[in-house]
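> Once you've had a glance at the structure underneath, I'll fire off some questions.
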Amino acid sequence: MTISTDTETAKHVAHDKGPMYDADEERRARRKRNEEIAKYVIPVVVMSLAIWFWDRLVVWNEIEPYILPRPGLVLSTLIEDWGTLSSSLLVTLQITGLALLVAVVGGVGLAVLFSLSRFAEMSFSPFAVILQVTPIVSIAPLIFIYVESRLVGLLLCAWIVAFFPILANTTLGLKSADHNLRDLFTIYRANRWQRLVHLQLPSALPYFLGGLKIAGGLALIGAVVAEYVAGTGGIGSGLAFRILEAGYRLQIPRMFAALILIAVTGVIIYATTSLIAHFALRKWHESALKRE
């Protein structure tokens, strides 16, 4: 009799809690859907309001276009001057892409060397730190004095800026392998290269990808700064020279158009590196796993 009563009571409790649990689950699902929508809608709304305020600020204060142009004028200038600006954009992208590629190869290679040789790390790490903490604006004039090729000088300036995040993050990742796994590799008498390939490199991948996100933007900044310092015009000029040229001629709408292209390029670089990190880590790393 007692067992029957307890069973009936449990059924009633489960029946009573069922709708509440369903309601909670529904609320969580609705909140998750709202967050997914807001993730895309809110930035668009805020950006639209910022552009609208920019336009109204110019109208309300009757600001001249050579001081602050309206967004519509900047857009029309971007379309009209697209031939010139797009060719300059390709030059800047070329410098940025090559600098990032060389930074990845050099940074990862030197980080691996540091992990294999403590003597190499003590010998070369001070030079990497010096290059990082010295402003590229102060180094660039010397580079263009000693390097005859303008392209190589621009590439070298952008590489200096993008190199250190790759090196520092990858070195940290190579040193962050789980100590229990290190002990396991030692028990099985794994040699140095087996430990590197099967343990250290996989554990360093998230750190490397984090450094890649930073280095992508820094490579663009380095390329733009180098173009400012180089200051040479012609067909092979990047966006930075177009900005300088527009400033000298008081073509402020063109200046804003070039600035917008640089900003959009930076956003695209960051989005691309973030997408690479997502696809590389989504199936196994905690930072990219989606949990309910």
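Chain labels follow the order of the structure tokens: the first chain is A, the next B, and so on; residue numbering restarts at 1 in every chain, and ligands are counted from 1 in their shown order.
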Contacts of segment 137-148 of chain A at 8 Å or less, counting only C-alpha atoms, minus same-chain residues fewer than 2 places along, as a list of chain:residue names?

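Once the nearby chain positions are removed, what remains is A:Thr134, A:Pro135, A:Arg150, A:Val152, A:Gly153, A:Leu156, A:Cys157, A:Val225, A:Ala226, A:Val229, A:Ala230.
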
> Please write the residues from the selection above to a file, keeping all heavy atoms, as a PDB file, in the first residue's frame.


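Printed below is part_10.pdb as written:
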```pdb
ATOM      1  N   THR A 134      60.344  48.823 -30.149  1.00  0.00           N
ATOM      2  CA  THR A 134      60.807  50.008 -30.865  1.00  0.00           C
ATOM      3  C   THR A 134      59.744  50.426 -31.875  1.00  0.00           C
ATOM      4  O   THR A 134      59.347  49.612 -32.712  1.00  0.00           O
ATOM      5  CB  THR A 134      62.126  49.724 -31.591  1.00  0.00           C
ATOM      6  OG1 THR A 134      63.089  49.238 -30.659  1.00  0.00           O
ATOM      7  CG2 THR A 134      62.650  50.991 -32.260  1.00  0.00           C
ATOM      8  N   PRO A 135      59.269  51.660 -31.837  1.00  0.00           N
ATOM      9  CA  PRO A 135      58.218  52.096 -32.787  1.00  0.00           C
ATOM     10  C   PRO A 135      58.678  51.960 -34.230  1.00  0.00           C
ATOM     11  O   PRO A 135      59.791  52.349 -34.580  1.00  0.00           O
ATOM     12  CB  PRO A 135      57.989  53.568 -32.404  1.00  0.00           C
ATOM     13  CG  PRO A 135      58.468  53.680 -30.997  1.00  0.00           C
ATOM     14  CD  PRO A 135      59.606  52.712 -30.868  1.00  0.00           C
ATOM     15  N   ARG A 150      61.914  49.466 -52.824  1.00  0.00           N
ATOM     16  CA  ARG A 150      60.816  50.039 -52.040  1.00  0.00           C
ATOM     17  C   ARG A 150      59.882  48.944 -51.548  1.00  0.00           C
ATOM     18  O   ARG A 150      59.426  48.979 -50.398  1.00  0.00           O
ATOM     19  CB  ARG A 150      60.050  51.051 -52.891  1.00  0.00           C
ATOM     20  CG  ARG A 150      58.817  51.632 -52.211  1.00  0.00           C
ATOM     21  CD  ARG A 150      58.150  52.661 -53.109  1.00  0.00           C
ATOM     22  NE  ARG A 150      56.894  53.119 -52.535  1.00  0.00           N
ATOM     23  CZ  ARG A 150      55.724  52.530 -52.739  1.00  0.00           C
ATOM     24  NH1 ARG A 150      55.670  51.446 -53.504  1.00  0.00           N
ATOM     25  NH2 ARG A 150      54.627  53.001 -52.192  1.00  0.00           N
ATOM     26  N   VAL A 152      60.565  45.784 -50.896  1.00  0.00           N
ATOM     27  CA  VAL A 152      61.200  45.035 -49.809  1.00  0.00           C
ATOM     28  C   VAL A 152      61.191  45.851 -48.521  1.00  0.00           C
ATOM     29  O   VAL A 152      60.975  45.315 -47.434  1.00  0.00           O
ATOM     30  CB  VAL A 152      62.643  44.643 -50.196  1.00  0.00           C
ATOM     31  CG1 VAL A 152      63.365  43.994 -49.023  1.00  0.00           C
ATOM     32  CG2 VAL A 152      62.629  43.696 -51.392  1.00  0.00           C
ATOM     33  N   GLY A 153      61.408  47.171 -48.635  1.00  0.00           N
ATOM     34  CA  GLY A 153      61.366  48.023 -47.446  1.00  0.00           C
ATOM     35  C   GLY A 153      59.996  48.048 -46.802  1.00  0.00           C
ATOM     36  O   GLY A 153      59.869  47.946 -45.577  1.00  0.00           O
ATOM     37  N   LEU A 156      59.388  44.685 -45.158  1.00  0.00           N
ATOM     38  CA  LEU A 156      60.170  44.525 -43.930  1.00  0.00           C
ATOM     39  C   LEU A 156      59.530  45.285 -42.769  1.00  0.00           C
ATOM     40  O   LEU A 156      59.457  44.774 -41.635  1.00  0.00           O
ATOM     41  CB  LEU A 156      61.602  45.006 -44.165  1.00  0.00           C
ATOM     42  CG  LEU A 156      62.623  44.735 -43.055  1.00  0.00           C
ATOM     43  CD1 LEU A 156      62.710  43.250 -42.769  1.00  0.00           C
ATOM     44  CD2 LEU A 156      63.987  45.286 -43.452  1.00  0.00           C
ATOM     45  N   CYS A 157      59.045  46.486 -43.033  1.00  0.00           N
ATOM     46  CA  CYS A 157      58.389  47.266 -41.976  1.00  0.00           C
ATOM     47  C   CYS A 157      57.128  46.569 -41.470  1.00  0.00           C
ATOM     48  O   CYS A 157      56.893  46.481 -40.258  1.00  0.00           O
ATOM     49  CB  CYS A 157      58.026  48.656 -42.505  1.00  0.00           C
ATOM     50  SG  CYS A 157      59.429  49.738 -42.828  1.00  0.00           S
ATOM     51  N   VAL A 225      51.740  52.338 -42.218  1.00  0.00           N
ATOM     52  CA  VAL A 225      52.759  53.225 -41.644  1.00  0.00           C
ATOM     53  C   VAL A 225      53.984  53.285 -42.551  1.00  0.00           C
ATOM     54  O   VAL A 225      54.562  54.364 -42.779  1.00  0.00           O
ATOM     55  CB  VAL A 225      53.148  52.745 -40.232  1.00  0.00           C
ATOM     56  CG1 VAL A 225      54.361  53.518 -39.718  1.00  0.00           C
ATOM     57  CG2 VAL A 225      51.977  52.908 -39.270  1.00  0.00           C
ATOM     58  N   ALA A 226      54.392  52.149 -43.092  1.00  0.00           N
ATOM     59  CA  ALA A 226      55.549  52.129 -43.988  1.00  0.00           C
ATOM     60  C   ALA A 226      55.292  52.950 -45.236  1.00  0.00           C
ATOM     61  O   ALA A 226      56.187  53.649 -45.729  1.00  0.00           O
ATOM     62  CB  ALA A 226      55.891  50.683 -44.353  1.00  0.00           C
ATOM     63  N   VAL A 229      55.734  56.566 -44.425  1.00  0.00           N
ATOM     64  CA  VAL A 229      57.143  56.953 -44.318  1.00  0.00           C
ATOM     65  C   VAL A 229      57.798  56.984 -45.695  1.00  0.00           C
ATOM     66  O   VAL A 229      58.590  57.885 -46.004  1.00  0.00           O
ATOM     67  CB  VAL A 229      57.885  55.988 -43.382  1.00  0.00           C
ATOM     68  CG1 VAL A 229      59.381  56.311 -43.348  1.00  0.00           C
ATOM     69  CG2 VAL A 229      57.307  56.058 -41.975  1.00  0.00           C
ATOM     70  N   ALA A 230      57.474  55.993 -46.536  1.00  0.00           N
ATOM     71  CA  ALA A 230      58.083  55.955 -47.867  1.00  0.00           C
ATOM     72  C   ALA A 230      57.694  57.177 -48.676  1.00  0.00           C
ATOM     73  O   ALA A 230      58.542  57.830 -49.299  1.00  0.00           O
ATOM     74  CB  ALA A 230      57.654  54.674 -48.592  1.00  0.00           C
TER      75      ALA A 230
END
```

> I'd like the contact shell of segment 57-64 of chain A - 12 Å cut-off, only C-alpha atoms, skipping same-chain residues fewer than 6 positions apart - returned as a count of residues only.

11

> Quick one: everything within 10 Å of segment 274-285 of chain A, counting only C-alpha atoms, minus sequence neighbours fewer than 4 positions away in the same chain. Send it as a VMD selection string.

chain A and resid 203 205 to 206 208 to 210 212 to 213 268 to 270 289 to 290

> Please identify which residues in segment 128-292 of chain A DSSP calls helix (DSSP H, G or I) from the backbone, and express them as a PyMOL selection string.

chain A and resi 128-133+136-146+150-174+179-187+192-230+239-248+252-281

> For Gln94 of chain A, which of A:Ser48, A:Ser237, A:Ser176, A:Asn169 is the closest residue, counting only C-alpha atoms?

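Ranking A:Ser48, A:Ser237, A:Ser176, A:Asn169 by distance to Gln94 of chain A, first place goes to A:Ser237.
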
> What's around Arg242 of chain A at 12 Å? Count only C-alpha atoms, leave out sequence neighbours fewer than 4 positions away in its own chain, and write the answer as a ChimeraX atom specification.

/A:81-82,84-89,91-92,224,227-228,231-238,246-259,261-262

> For Ala158 of chain A, work out the shell of residues within 7 Å, counting only C-alpha atoms and skipping chain neighbours fewer than 3 positions away, then give it as number ranges by chain.

A: 96, 99, 154-155, 161-162, 219, 222-223

> Find the residues around Leu167 of chain A up to 6 Å (only C-alpha atoms counted), leave out those fewer than 3 positions away in its own chain, and share them as a ChimeraX atom specification.

/A:107,111,164,170-171

> Once you have the residues from the selection above, write them out as a compact mmCIF listing (two decimals), in the first residue's frame, restricted to all heavy atoms.


```
# COMPACT_ATOMS: atom_id res chain seq x y z
N GLY A 107 57.90 33.39 -37.46
CA GLY A 107 57.51 33.31 -36.05
C GLY A 107 57.36 31.89 -35.57
O GLY A 107 57.87 31.52 -34.49
N ALA A 111 59.83 30.00 -32.98
CA ALA A 111 59.22 29.46 -31.76
C ALA A 111 59.57 27.99 -31.58
O ALA A 111 59.85 27.53 -30.46
CB ALA A 111 57.71 29.66 -31.80
N PHE A 164 56.17 39.60 -33.94
CA PHE A 164 56.28 39.27 -32.53
C PHE A 164 55.04 38.56 -31.97
O PHE A 164 55.20 37.62 -31.17
CB PHE A 164 56.59 40.52 -31.70
CG PHE A 164 56.93 40.23 -30.27
CD1 PHE A 164 58.19 39.77 -29.92
CD2 PHE A 164 55.99 40.40 -29.27
CE1 PHE A 164 58.50 39.50 -28.60
CE2 PHE A 164 56.29 40.13 -27.96
CZ PHE A 164 57.56 39.67 -27.62
N THR A 170 53.02 31.54 -30.08
CA THR A 170 53.38 30.15 -30.41
C THR A 170 54.37 29.60 -29.41
O THR A 170 54.26 28.43 -29.00
CB THR A 170 53.97 30.09 -31.84
OG1 THR A 170 53.07 30.70 -32.76
CG2 THR A 170 54.20 28.65 -32.24
N THR A 171 55.31 30.40 -28.97
CA THR A 171 56.26 29.95 -27.95
C THR A 171 55.53 29.61 -26.65
O THR A 171 55.82 28.58 -26.02
CB THR A 171 57.31 31.04 -27.69
OG1 THR A 171 57.99 31.36 -28.91
CG2 THR A 171 58.33 30.59 -26.66
```

> Which residues are near Ala168 of chain A? Cut-off 10 Å, only C-alpha atoms, ignore same chain within fewer than 5 positions. Put them as a short mmCIF file (atom, residue, chain, number, x, y, z; two decimals) with N, CA and C atoms, in the first residue's frame.


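For reference, part-v6.cif as written:
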```cif
data_model
loop_
_atom_site.label_atom_id
_atom_site.label_comp_id
_atom_site.auth_asym_id
_atom_site.auth_seq_id
_atom_site.Cartn_x
_atom_site.Cartn_y
_atom_site.Cartn_z
N GLY A 107 57.90 33.39 -37.46
CA GLY A 107 57.51 33.31 -36.05
C GLY A 107 57.36 31.89 -35.57
N VAL A 108 56.68 31.05 -36.35
CA VAL A 108 56.51 29.65 -35.95
C VAL A 108 57.84 28.93 -35.98
N LEU A 110 60.88 30.15 -35.55
CA LEU A 110 61.72 30.56 -34.43
C LEU A 110 61.16 30.05 -33.10
N ALA A 111 59.83 30.00 -32.98
CA ALA A 111 59.22 29.46 -31.76
C ALA A 111 59.57 27.99 -31.58
N SER A 125 65.84 35.82 -28.32
CA SER A 125 64.63 36.47 -27.81
C SER A 125 64.83 37.95 -27.48
N ALA A 128 64.12 39.94 -30.61
CA ALA A 128 62.69 39.98 -30.94
C ALA A 128 61.96 41.00 -30.08
N VAL A 129 62.32 41.06 -28.80
CA VAL A 129 61.68 42.02 -27.90
C VAL A 129 62.05 43.45 -28.30
N PHE A 163 55.44 40.23 -36.66
CA PHE A 163 56.23 39.06 -36.32
C PHE A 163 56.09 38.64 -34.86
N GLY A 173 52.42 28.67 -26.39
CA GLY A 173 51.66 27.45 -26.61
C GLY A 173 52.53 26.20 -26.58
N TYR A 207 46.97 28.92 -29.35
CA TYR A 207 47.78 30.11 -29.07
C TYR A 207 48.25 30.74 -30.37
N PHE A 208 48.68 29.90 -31.32
CA PHE A 208 49.12 30.42 -32.62
C PHE A 208 47.99 31.15 -33.33
N GLY A 211 47.45 34.50 -31.87
CA GLY A 211 48.46 35.43 -32.35
C GLY A 211 48.24 35.83 -33.79
#
```

> Just checking: using only C-alpha atoms, which residue out of A:Asn34, A:Asn180, A:Thr77, A:Ser115 ends up closest to Ile260 of chain A?

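The closest residue to Ile260 of chain A is A:Thr77.
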